[in-house]
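Colleague: For reference, the structure I am asking about is given below.
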Amino acid sequence: MTYSEALLGAIVEAMDEDERVALVWGSLGGVSGIKLDFGSLRDRHADRIVDPPISEAGIVGIATGAAMAGLRPIVPIGTGSFLFRAWDQLIHEAGGAHYMSNGRVTAPLVIHIRHGMRGGGGVQHSQSPQAMLWNAPGIEIAMPSTPADAKGLMRTAIFSDNPTVFLDHQMLLRREGPVPDGKHAVPFGKAAVARPGRDVTVVAASLQVVAALAAAATLAADGIEAEVIDLRSLVPLDQEAILNSVGRTGRLVVADECAPRCSIASEIAATVAEKGFDLLKKAPVRVNRLPSHVASSPVLEDALRPDAGRIAAAVRGLMD
Amino acid sequence: MTYSEALLGAIVEAMDEDERVALVWGSLGGVSGIKLDFGSLRDRHADRIVDPPISEAGIVGIATGAAMAGLRPIVPIGTGSFLFRAWDQLIHEAGGAHYMSNGRVTAPLVIHIRHGMRGGGGVQHSQSPQAMLWNAPGIEIAMPSTPADAKGLMRTAIFSDNPTVFLDHQMLLRREGPVPDGKHAVPFGKAAVARPGRDVTVVAASLQVVAALAAAATLAADGIEAEVIDLRSLVPLDQEAILNSVGRTGRLVVADECAPRCSIASEIAATVAEKGFDLLKKAPVRVNRLPSHVASSPVLEDALRPDAGRIAAAVRGLMD
Amino acid sequence: MAGAGGPARLLELFGTMLATRRFEEVVYALFAEGHFSGHYHLYIGQEATGAAVIGHLSGRDTIFSTHRNHGHLLARGGDPAAALAEILGRAGGIGGGRLGTFHLADPAIGMPHTSALVGGAVPLAAGSAFGAKLLKTGGVSVGFFGDGAFEEGVVFETLNLAQLWRIPVLFVCENNTPGALTRAEGGSNTSYLPGGRVSPVPEALGIPTHVVDGADLEAVDALAADALARVRRDGGPVFVEALTIRWPGNQSQYPTMATGETDLAMAWDAGRIGNEHRGWFAADDPVLRAARRLLELGAADAAALQAMDAQVRARMAAARETALASPLPDPATALDHVLAGAAR
Amino acid sequence: MAGAGGPARLLELFGTMLATRRFEEVVYALFAEGHFSGHYHLYIGQEATGAAVIGHLSGRDTIFSTHRNHGHLLARGGDPAAALAEILGRAGGIGGGRLGTFHLADPAIGMPHTSALVGGAVPLAAGSAFGAKLLKTGGVSVGFFGDGAFEEGVVFETLNLAQLWRIPVLFVCENNTPGALTRAEGGSNTSYLPGGRVSPVPEALGIPTHVVDGADLEAVDALAADALARVRRDGGPVFVEALTIRWPGNQSQYPTMATGETDLAMAWDAGRIGNEHRGWFAADDPVLRAARRLLELGAADAAALQAMDAQVRARMAAARETALASPLPDPATALDHVLAGAAR
Ligand SMILES: Cc1ncc(C[n+]2csc(CCOP(=O)(O)OP(=O)(O)O)c2C)c(N)n1
Ligand SMILES: Cc1ncc(C[n+]2csc(CCOP(=O)(O)OP(=O)(O)O)c2C)c(N)n1
Ligand SMILES: [Mg+2]
Ligand SMILES: [Mg+2]
């Protein structure tokens with residue numbers, strides 16, 4: 001099953017199961033020719049499906065108010081870059097509601113975006129806003145890398161009482177993989193060992209897990225066994241899984257598509273340096289998008305991308 | 001002279017000196033009873049001063065377009081939290097313009113905000129957006145801690161060809177200090193040693209420099225000599241100054257008012273762990289705002305705040 | 001709940017207005033005495049709007065307010081003691097000290113969350129009504145916002161969306177006229193819009209739109225009855241622009257007690273009105289105006305109003321004491337409720 | 001520059017339109033042949049608007065466009081070869097491969113930067129005009145945007161600001177009517193606004209507003225002359241809504257060559273028009289319409305138009321070859337120009 005189909009499955013299932021789940025139709029399927037067929041969903045639940053105009057701020061604000069009223073809206077914003085238009089509503093209203101009310105109000109909306117370098121997206125259609133989002137309290141962040149996790153994490157997101165930003169990498173949508181039937185939930189805050197290994201820990205999420213696995217395969221040919229940790233959610237974070245792994249390997253590489261400063265890689269590296277300093281045999285290494293916006297030309301885009309080659313090179317730099 | 005007066009001085013001077021400098025009047029003086037007297041500035045330059053409605057996105061977009069046309073607009077957004085309303089315009093348009101044009105367009109605007117915990121600001125009037133901003137390429141970030149630097153960095157910001165976000169901490173506005181007369185410029189990317197010391201490096205910016213200096217004074221009484229590095233600008237960053245200092249002290253504490261994840265402290269700690277691993281005798285320590293929104297009650301606000309006490313405790317934890 | 005009420009109803013709404021006025025005077029005093037610091041805003045001069053509109057709501061309905069929220073909370077039935085304690089940052093506050101004056105709200109009374117960001121209330125109110133519509137609760141929502149909110153794009157987006165998605169929401173723009181300063185400097189849309197009004201914009205979007213004297217209790221009461229009935233019946237948005245004259249105490253960044261503690265007797269004894277702020281006392285103050293109208297209608301006599309006032313004052317004085325006696329929050333709880341549920 | 005031109009001027013503008021049409025056909029072919037990938041948008045069906053409005057600008061003026069920018073760039077005098085190279089991500093592209101199809105722009109021709117975010121052009125255009133005003137260059141700006149941009153709050157904010165600050169900007173909303181799908185699903189404001197038009201909103205703000213048939217070259221030319229003269233004279237904003245019928249190739253996410261390569265002879269030989277897309281060829285296609293009008297006016301005969309077309313095609317074919325011959329960017333330059341000047 002493809003990643004997109006698995007994701008869709010979780011949404012269809014939740015809408016059939018729970019009348020509080022509503023969908024802002026829009027762009028869930030994504031560009032690049034992927035068309036999700038919502039089948040008869042629209043006919044079954046016409047009263048819980050709306051079509052959005054191009055008003056990200058208004059829609060996120062409305063979804064937040066609706067969530068406070070008990071609805072569980074799923075709001076596809078499309079390209080992650082567009083979420084900046086709704087930044088205030090997301091961070092100040094959705095993200096702040098539970099805390100401000102001293103725990104009496106919840107805002108269980110799911111914001112769905114497609115993040116990342118997609119091939120030709122350029123400066124304004126390639127954002128990876130997860131690092132900025134992680135700096136904001138009160139928001140859960142899910143970033144699957146497999147079809148099964150896309151399904152299982154989406155279910156968790158929908159039924160979570162917190163606002164969740166759900167990020168699919170544009171280049172994962174067609175990824176194939178086995179997906180459990182029925183109501184499959186993957187809890188937030190539990191990282192997966194995508195590949196076990198003894199020599200170095202590579203921490204990643206979303207498409208970077210794919211890159212890390214490719215790097216690990218190459219490295220294995222040279223006898224280097226990289227352990228790939230798939231975070232699956234940033235909030236909550238499975239810090240223990242990371243520290244346990246580094247405890248065994250003594251080496252850390254973090255692969256991350258965000259620009260380097262204040263990135264996911266910075267946070268993981270800092271966390272391990274702070275909490276696991278004595279576990280580290282070598283300096284932690286960040287493999288990020290180079291410090292730039294994303295250029296449109298594929299050649300420049302490739303030059304900026306954190307990929308299997310750069311991850312493998314970083315690992316090799318730690319082995320001596 | 002107060003910090004506010006020094007800041008104002010730089011703006012008045014630049015407007016008198018260069019016809020391209022324009023000012024969106026608004027809230028530069030800030031709340032808390034501070035009133036900046038722009039004196040006859042308004043009379044002298046009425047055609048380059050406009051009064052803003054409450055339209056952050058529109059204003060930042062307009063200022064960006066104007067900057068592309070050669071104007072050097074100074075745009076006070078007031079409380080830093082409001083900048084989220086203009087997030088898209090700032091990051092995608094102002095921040096992306098120079099790169100997209102392959103170096104042919106510049107957008108030399110200055111966005112001025114008052115950031116941080118101000119006493120009663122609560123969730124929506126206390127943001128410190130510098131960490132999120134630092135993740136965005138193409139934007140300079142200045143964060144003075146003294147009146148002299150407020151003046152000198154503002155001059156640099158105005159005449160820089162890049163978009164700059166200029167952050168004043170709300171609680172610095174009344175700070176007194178000596179300020180050089182005349183055209184005083186402080187370059188970006190040059191950290192200051194706010195206090196020399198041999199035992200531990202405390203990296204900070206903006207109000208956290210004041211907290212770090214207070215901590216250092218307490219620590220000195222116990223014979224612990226903390227070196228306080230005032231970053232002054234995040235973009236560009238004076239990485240060398242940090243690594244040099246840690247090279248001497250072997251210990252790092254970073255004080256930062258942002259929420260912890262993907263924060264300034266994360267970035268500095270990760271950078272030092274990565275580039276200066278062998279310099280470190282101990283694990284780097286981050287002193288952040290606790291991982292929460294800012295509550296309105298002063299008691300809760302104080303509990304969340306990174307202050308001299310927590311900085312000093314972090315330093316003591318590193319000394320044995 | 002429906003229809004404009006007779007004198008008895010006006011008297012009841014007047015009680016709400018008076019409570020708000022006396023509450024705000026207590027807030028001012030608490031600030032002046034140094035019991036809390038930071039920026040704050042008072043609802044003086046707009047009491048008729050909040051009281052009359054909210055008076056038509058039922059328990060299923062919700063309201064969303066702004067930085068100037070005290071009057072809305074009280075009209076919705078909020079507890080003045082818990083509200084004052086919240087403003088003081090105490091543990092006994094509605095939000096345990098997390099809200100402060102900017103964000104007074106109480107989910108228990110159908111006021112889930114207050115945004116202090118200009119225009120923030122507007123999509124939230126529409127959203128709450130949208131939720132009610134999809135969940136079929138029968139509830140509607142009211143979003144209150146100032147004329148300044150009109151300058152924020154998200155408000156326009158929401159008007160458009162409310163019409164497009166047929167959301168049962170009442171938008172109440174409280175146009176309290178920009179301060180003299182702002183207006184002179186041209187820094188406000190209402191300084192160029194025809195008549196200083198925002199209503200042409202919702203009209204252009206085809207939203208049923210009404211302009212009302214927001215300091216006229218009876219007029220707002222009647223209009224709100226109609227407007228809310230229409231929202232419930234048609235299931236779409238209605239827009240009300242309520243015009244008030246800005247309270248002289250609201251001319252600079254911090255409120256000043258420019259007009260002093262309200263002397264209710266000015267309502268029936270014009271001799272008590274001096275030259276300073278004569279226009280305010282004689283024609284603009286919604287509390288005095290409502291009192292005069294009640295006398296005119298014979299709904300109460302001066303003595304009855306005085307007695308009512310004494311009761312309200314006593315209630316607010318008691319609320320003040322309760323609030324001041326409330327303990328400070330436990331710093332150890334500062335991290336509670338960042339995330340809901342097991343996820344934390 | 002001023003006033004609507006005679007036949008000679010229309011012929012010139014027709015040349016611009018034809019160049020755009022042939023350019024877009026080349027872009028489509030390059031995509032179909034796999035020379036570039038990713039999302040892209042064509043300006044087919046709107047050529048008259050861009051050509052006529054931009055035809056009235058001088059070197060001091062600036063324009064800002066959208067995701068659908070190719071036609072604006074060409075009308076402003078952009079080099080087709082450098083534009084195609086840019087779309088292909090080549091080193092010889094206008095932005096050296098940083099822009100791509102979404103962001104075609106060239107500061108050298110008064111088109112500094114193109115936002116592909118819906119509505120992004122609007123504040124930038126106003127800002128550029130605001131800069132020109134304060135710097136006293138005498139220039140004005142034109143912001144082009146689709147009807148969808150109207151749904152974005154920042155556009156409303158900017159209209160309000162342009163009026164408040166008296167900014168000499170011409171707003172041109174190219175209302176190409178939402179696709180059948182969007183319209184059926186109600187997912188667009190123009191599906192409920194009276195007449196499917198956005199103009200009531202700028203009207204409500206007091207901005208001089210005009211609606212024009214955006215596929216009528218003569219009409220747009222005349223209106224743009226007046227509108228720009230007014231912007232220059234009054235120093236404030238003017239709003240134009242240019243209505244076009246959506247090109248059948250623009251009905252789904254990716255363009256399709258639904259109407260085939262344009263057969264110019266359809267302008268004078270109705271027999272060449274088949275049943276498929278008859279309405280488009282007979283009445284909607286702005287290029288065919290302009291050709292018919294030129295014939296009617298006697299500005300050219302069919303042979304002259306064919307000759308012109310042959311020339312344009314040759315120019316575009318050459319541009320295509322130049323673009324395809326342009327080398328790929330040097331990956332080592334990917335980090336250049338993130339920051340300007342010494343600060344890097
Ligand atoms: C997004 C945002 N920008 C700016 C502010 C600062 N601010 C607080 S109140 C206010 C004026 C609001 O005017 P209006 O909506 O008319 O309400 P009034 O105070 O007149 O009742 C401003 C600018 C804010 N709270 N939020
Ligand atoms: C902020 C933002 N949201 C969404 C998009 C995705 N998007 C690209 S074009 C488009 C439709 C725009 O419609 P309109 O403005 O009418 O232009 P048209 O394509 O019809 O010419 C959308 C939604 C975007 N580019 N930017
Ligand atoms: Mg107002
Ligand atoms: Mg359109």
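Chain labels follow the order of the structure tokens: the first chain is A, the next B, and so on; residue numbering restarts at 1 in every chain, and ligands are counted from 1 in their shown order.
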Taking only C-alpha atoms and all ligand atoms and a cut-off of 7 Å, can you tell me which residues surround ligand 1, written as a ChimeraX atom specification?

Modeller: /B:54,82,85 /C:67-68,116-118,145-149,175-178

Colleague: Using only all heavy atoms, please write the residues we just selected to a file, as a compact mmCIF listing (two decimals), in the first residue's frame.

Modeller:
```
# COMPACT_ATOMS: atom_id res chain seq x y z
N ILE B 54 -3.36 48.42 12.21
CA ILE B 54 -2.98 47.14 12.84
C ILE B 54 -3.01 46.05 11.78
O ILE B 54 -3.95 45.29 11.66
CB ILE B 54 -3.95 46.81 14.01
CG1 ILE B 54 -4.23 48.07 14.84
CG2 ILE B 54 -3.35 45.73 14.90
CD1 ILE B 54 -5.35 47.90 15.85
N PHE B 82 3.48 39.78 17.90
CA PHE B 82 2.67 40.19 16.75
C PHE B 82 3.36 39.87 15.42
O PHE B 82 2.71 39.84 14.38
CB PHE B 82 2.36 41.70 16.80
CG PHE B 82 1.80 42.19 18.11
CD1 PHE B 82 1.88 43.53 18.46
CD2 PHE B 82 1.19 41.32 19.01
CE1 PHE B 82 1.38 44.00 19.66
CE2 PHE B 82 0.69 41.78 20.23
CZ PHE B 82 0.78 43.13 20.55
N ARG B 85 2.10 37.32 12.85
CA ARG B 85 1.10 37.67 11.84
C ARG B 85 1.74 37.94 10.48
O ARG B 85 1.08 37.87 9.46
CB ARG B 85 0.32 38.93 12.28
CG ARG B 85 -0.69 38.69 13.37
CD ARG B 85 -2.06 38.32 12.83
NE ARG B 85 -2.95 37.84 13.87
CZ ARG B 85 -3.86 38.57 14.52
NH1 ARG B 85 -4.01 39.84 14.20
NH2 ARG B 85 -4.61 38.04 15.45
N HIS C 67 -8.82 41.87 24.13
CA HIS C 67 -8.08 42.50 25.21
C HIS C 67 -9.02 43.30 26.13
O HIS C 67 -8.71 43.54 27.28
CB HIS C 67 -7.00 43.41 24.63
CG HIS C 67 -7.55 44.51 23.75
ND1 HIS C 67 -8.07 44.27 22.49
CD2 HIS C 67 -7.69 45.85 23.95
CE1 HIS C 67 -8.49 45.40 21.96
NE2 HIS C 67 -8.28 46.37 22.82
N ARG C 68 -10.16 43.71 25.63
CA ARG C 68 -11.10 44.53 26.41
C ARG C 68 -12.29 43.63 26.80
O ARG C 68 -13.42 43.85 26.41
CB ARG C 68 -11.56 45.71 25.54
CG ARG C 68 -12.10 46.89 26.31
CD ARG C 68 -12.47 48.05 25.38
NE ARG C 68 -11.36 48.70 24.71
CZ ARG C 68 -10.44 49.45 25.30
NH1 ARG C 68 -10.50 49.66 26.61
NH2 ARG C 68 -9.46 49.99 24.61
N ALA C 116 -5.96 37.92 22.96
CA ALA C 116 -5.66 39.35 23.13
C ALA C 116 -4.96 39.89 21.90
O ALA C 116 -4.50 41.03 21.89
CB ALA C 116 -4.79 39.56 24.36
N LEU C 117 -4.90 39.09 20.86
CA LEU C 117 -4.33 39.55 19.61
C LEU C 117 -5.44 40.18 18.80
O LEU C 117 -6.53 39.59 18.67
CB LEU C 117 -3.65 38.39 18.89
CG LEU C 117 -2.45 37.91 19.73
CD1 LEU C 117 -2.06 36.50 19.39
CD2 LEU C 117 -1.27 38.85 19.53
N VAL C 118 -5.19 41.33 18.28
CA VAL C 118 -6.26 42.07 17.62
C VAL C 118 -6.86 41.22 16.49
O VAL C 118 -6.14 40.74 15.62
CB VAL C 118 -5.74 43.43 17.10
CG1 VAL C 118 -6.77 44.08 16.19
CG2 VAL C 118 -5.40 44.34 18.27
N PHE C 145 -15.25 42.31 18.77
CA PHE C 145 -13.94 42.83 18.39
C PHE C 145 -14.03 44.33 18.17
O PHE C 145 -15.10 44.87 17.92
CB PHE C 145 -13.41 42.13 17.13
CG PHE C 145 -14.36 42.11 15.97
CD1 PHE C 145 -14.19 42.98 14.90
CD2 PHE C 145 -15.44 41.23 15.94
CE1 PHE C 145 -15.06 42.97 13.82
CE2 PHE C 145 -16.33 41.21 14.87
CZ PHE C 145 -16.14 42.09 13.81
N GLY C 146 -12.90 44.98 18.28
CA GLY C 146 -12.86 46.43 18.12
C GLY C 146 -12.79 46.83 16.65
O GLY C 146 -12.61 45.99 15.77
N ASP C 147 -12.94 48.10 16.39
CA ASP C 147 -12.82 48.60 15.03
C ASP C 147 -11.41 48.36 14.48
O ASP C 147 -11.22 48.19 13.28
CB ASP C 147 -13.15 50.09 14.98
CG ASP C 147 -12.47 50.86 16.10
OD1 ASP C 147 -12.81 50.62 17.28
OD2 ASP C 147 -11.60 51.70 15.80
N GLY C 148 -10.43 48.34 15.38
CA GLY C 148 -9.06 48.11 14.93
C GLY C 148 -8.89 46.73 14.31
O GLY C 148 -8.05 46.53 13.43
N ALA C 149 -9.67 45.77 14.77
CA ALA C 149 -9.57 44.41 14.27
C ALA C 149 -9.86 44.34 12.78
O ALA C 149 -9.37 43.45 12.07
CB ALA C 149 -10.53 43.50 15.02
N ASN C 175 -17.17 49.56 17.66
CA ASN C 175 -16.43 50.71 17.14
C ASN C 175 -16.50 51.84 18.16
O ASN C 175 -17.47 52.58 18.24
CB ASN C 175 -17.03 51.14 15.80
CG ASN C 175 -16.20 52.22 15.14
OD1 ASN C 175 -15.40 52.91 15.82
ND2 ASN C 175 -16.37 52.39 13.84
N ASN C 176 -15.45 51.89 18.96
CA ASN C 176 -15.42 52.88 20.04
C ASN C 176 -14.69 54.15 19.62
O ASN C 176 -14.24 54.92 20.47
CB ASN C 176 -14.82 52.28 21.31
CG ASN C 176 -13.45 51.68 21.06
OD1 ASN C 176 -12.91 51.81 19.96
ND2 ASN C 176 -12.88 51.04 22.06
N THR C 177 -14.63 54.36 18.32
CA THR C 177 -13.96 55.52 17.73
C THR C 177 -12.53 55.65 18.23
O THR C 177 -12.27 55.69 19.41
CB THR C 177 -14.69 56.86 18.02
OG1 THR C 177 -14.66 57.11 19.42
CG2 THR C 177 -16.09 56.84 17.52
N PRO C 178 -11.63 55.70 17.30
CA PRO C 178 -10.22 55.81 17.68
C PRO C 178 -9.98 57.04 18.54
O PRO C 178 -10.70 58.04 18.43
CB PRO C 178 -9.48 55.91 16.35
CG PRO C 178 -10.50 55.94 15.27
CD PRO C 178 -11.83 55.72 15.85
```

Colleague: Near chain D, meaning an atom within 7 Å, which residues of chain A appear when counting only C-alpha atoms? Write them as a list in words.

Modeller: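 Using only C-alpha atoms, chain A residues at most 7 Å from chain D: Ser32, Asp51, Pro52, Pro53, Ile54, Ser55, Gly119, Gly120, Gly122, Gln124, Ser292, Ala295, Ser296, Ser297, Pro298, Val299, Leu300, Ala303 and Leu304 of chain A.
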
Colleague: Should the cut-off be 9 Å, what would the residue list for chain A against chain B look like, counting only C-alpha atoms, as a ChimeraX atom specification?

Modeller: /A:57,81-89,91-93,95-96,99-100,122-124,129,131-138,258-271,273-278,282-286,291-293,295-296

Colleague: Using only C-alpha atoms, which chain D residues lie at most 6 Å away from chain C, written as number ranges by chain?

Modeller: D: 153-154, 156-157, 200-201, 204

Colleague: Taking all heavy atoms for each residue, export the selection above as a compact mmCIF listing (two decimals), in the first residue's frame.

Modeller:
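Result file follows (again05.txt):
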```txt
# COMPACT_ATOMS: atom_id res chain seq x y z
N GLY D 153 -6.10 37.35 3.61
CA GLY D 153 -6.27 38.57 4.39
C GLY D 153 -5.26 39.66 4.10
O GLY D 153 -5.58 40.85 4.18
N VAL D 154 -4.04 39.26 3.74
CA VAL D 154 -3.01 40.27 3.52
C VAL D 154 -3.38 41.16 2.33
O VAL D 154 -2.96 42.33 2.26
CB VAL D 154 -1.63 39.61 3.33
CG1 VAL D 154 -1.54 38.85 2.03
CG2 VAL D 154 -0.51 40.62 3.46
N PHE D 156 -6.50 42.15 1.59
CA PHE D 156 -7.41 43.14 2.16
C PHE D 156 -6.64 44.18 2.98
O PHE D 156 -6.87 45.39 2.86
CB PHE D 156 -8.46 42.45 3.05
CG PHE D 156 -9.39 43.42 3.69
CD1 PHE D 156 -10.45 43.95 2.97
CD2 PHE D 156 -9.20 43.84 4.99
CE1 PHE D 156 -11.30 44.87 3.55
CE2 PHE D 156 -10.04 44.76 5.58
CZ PHE D 156 -11.10 45.28 4.86
N GLU D 157 -5.73 43.72 3.81
CA GLU D 157 -4.91 44.66 4.59
C GLU D 157 -4.23 45.68 3.69
O GLU D 157 -4.14 46.87 4.00
CB GLU D 157 -3.83 43.91 5.39
CG GLU D 157 -4.36 43.13 6.56
CD GLU D 157 -3.24 42.45 7.36
OE1 GLU D 157 -2.05 42.77 7.17
OE2 GLU D 157 -3.58 41.59 8.19
N PRO D 200 -16.74 44.52 -5.33
CA PRO D 200 -17.44 45.23 -4.25
C PRO D 200 -16.54 45.55 -3.05
O PRO D 200 -16.80 46.52 -2.32
CB PRO D 200 -18.54 44.23 -3.84
CG PRO D 200 -18.79 43.41 -5.07
CD PRO D 200 -17.45 43.30 -5.76
N VAL D 201 -15.50 44.76 -2.84
CA VAL D 201 -14.67 45.00 -1.65
C VAL D 201 -13.80 46.25 -1.78
O VAL D 201 -13.87 47.13 -0.92
CB VAL D 201 -13.86 43.74 -1.30
CG1 VAL D 201 -12.88 44.02 -0.18
CG2 VAL D 201 -14.82 42.61 -0.90
N ALA D 204 -15.98 49.16 -1.43
CA ALA D 204 -16.39 49.46 -0.05
C ALA D 204 -15.32 50.27 0.67
O ALA D 204 -15.61 51.05 1.57
CB ALA D 204 -16.68 48.17 0.70
```

Colleague: Could you pull out the strand (DSSP E or B) residues of region 77-229 of chain B, going by DSSP on the backbone, and write them as number ranges by chain?

Modeller: B: 77-79, 110-115, 140-142, 164-169, 176, 192-195, 200-204, 226-229

Colleague: So which residues touch Gly341 (chain C) within 9 Å, counting only C-alpha atoms, skipping near sequence neighbours fewer than 5 positions away, as a VMD selection string?

Modeller: chain A and resid 160 to 162
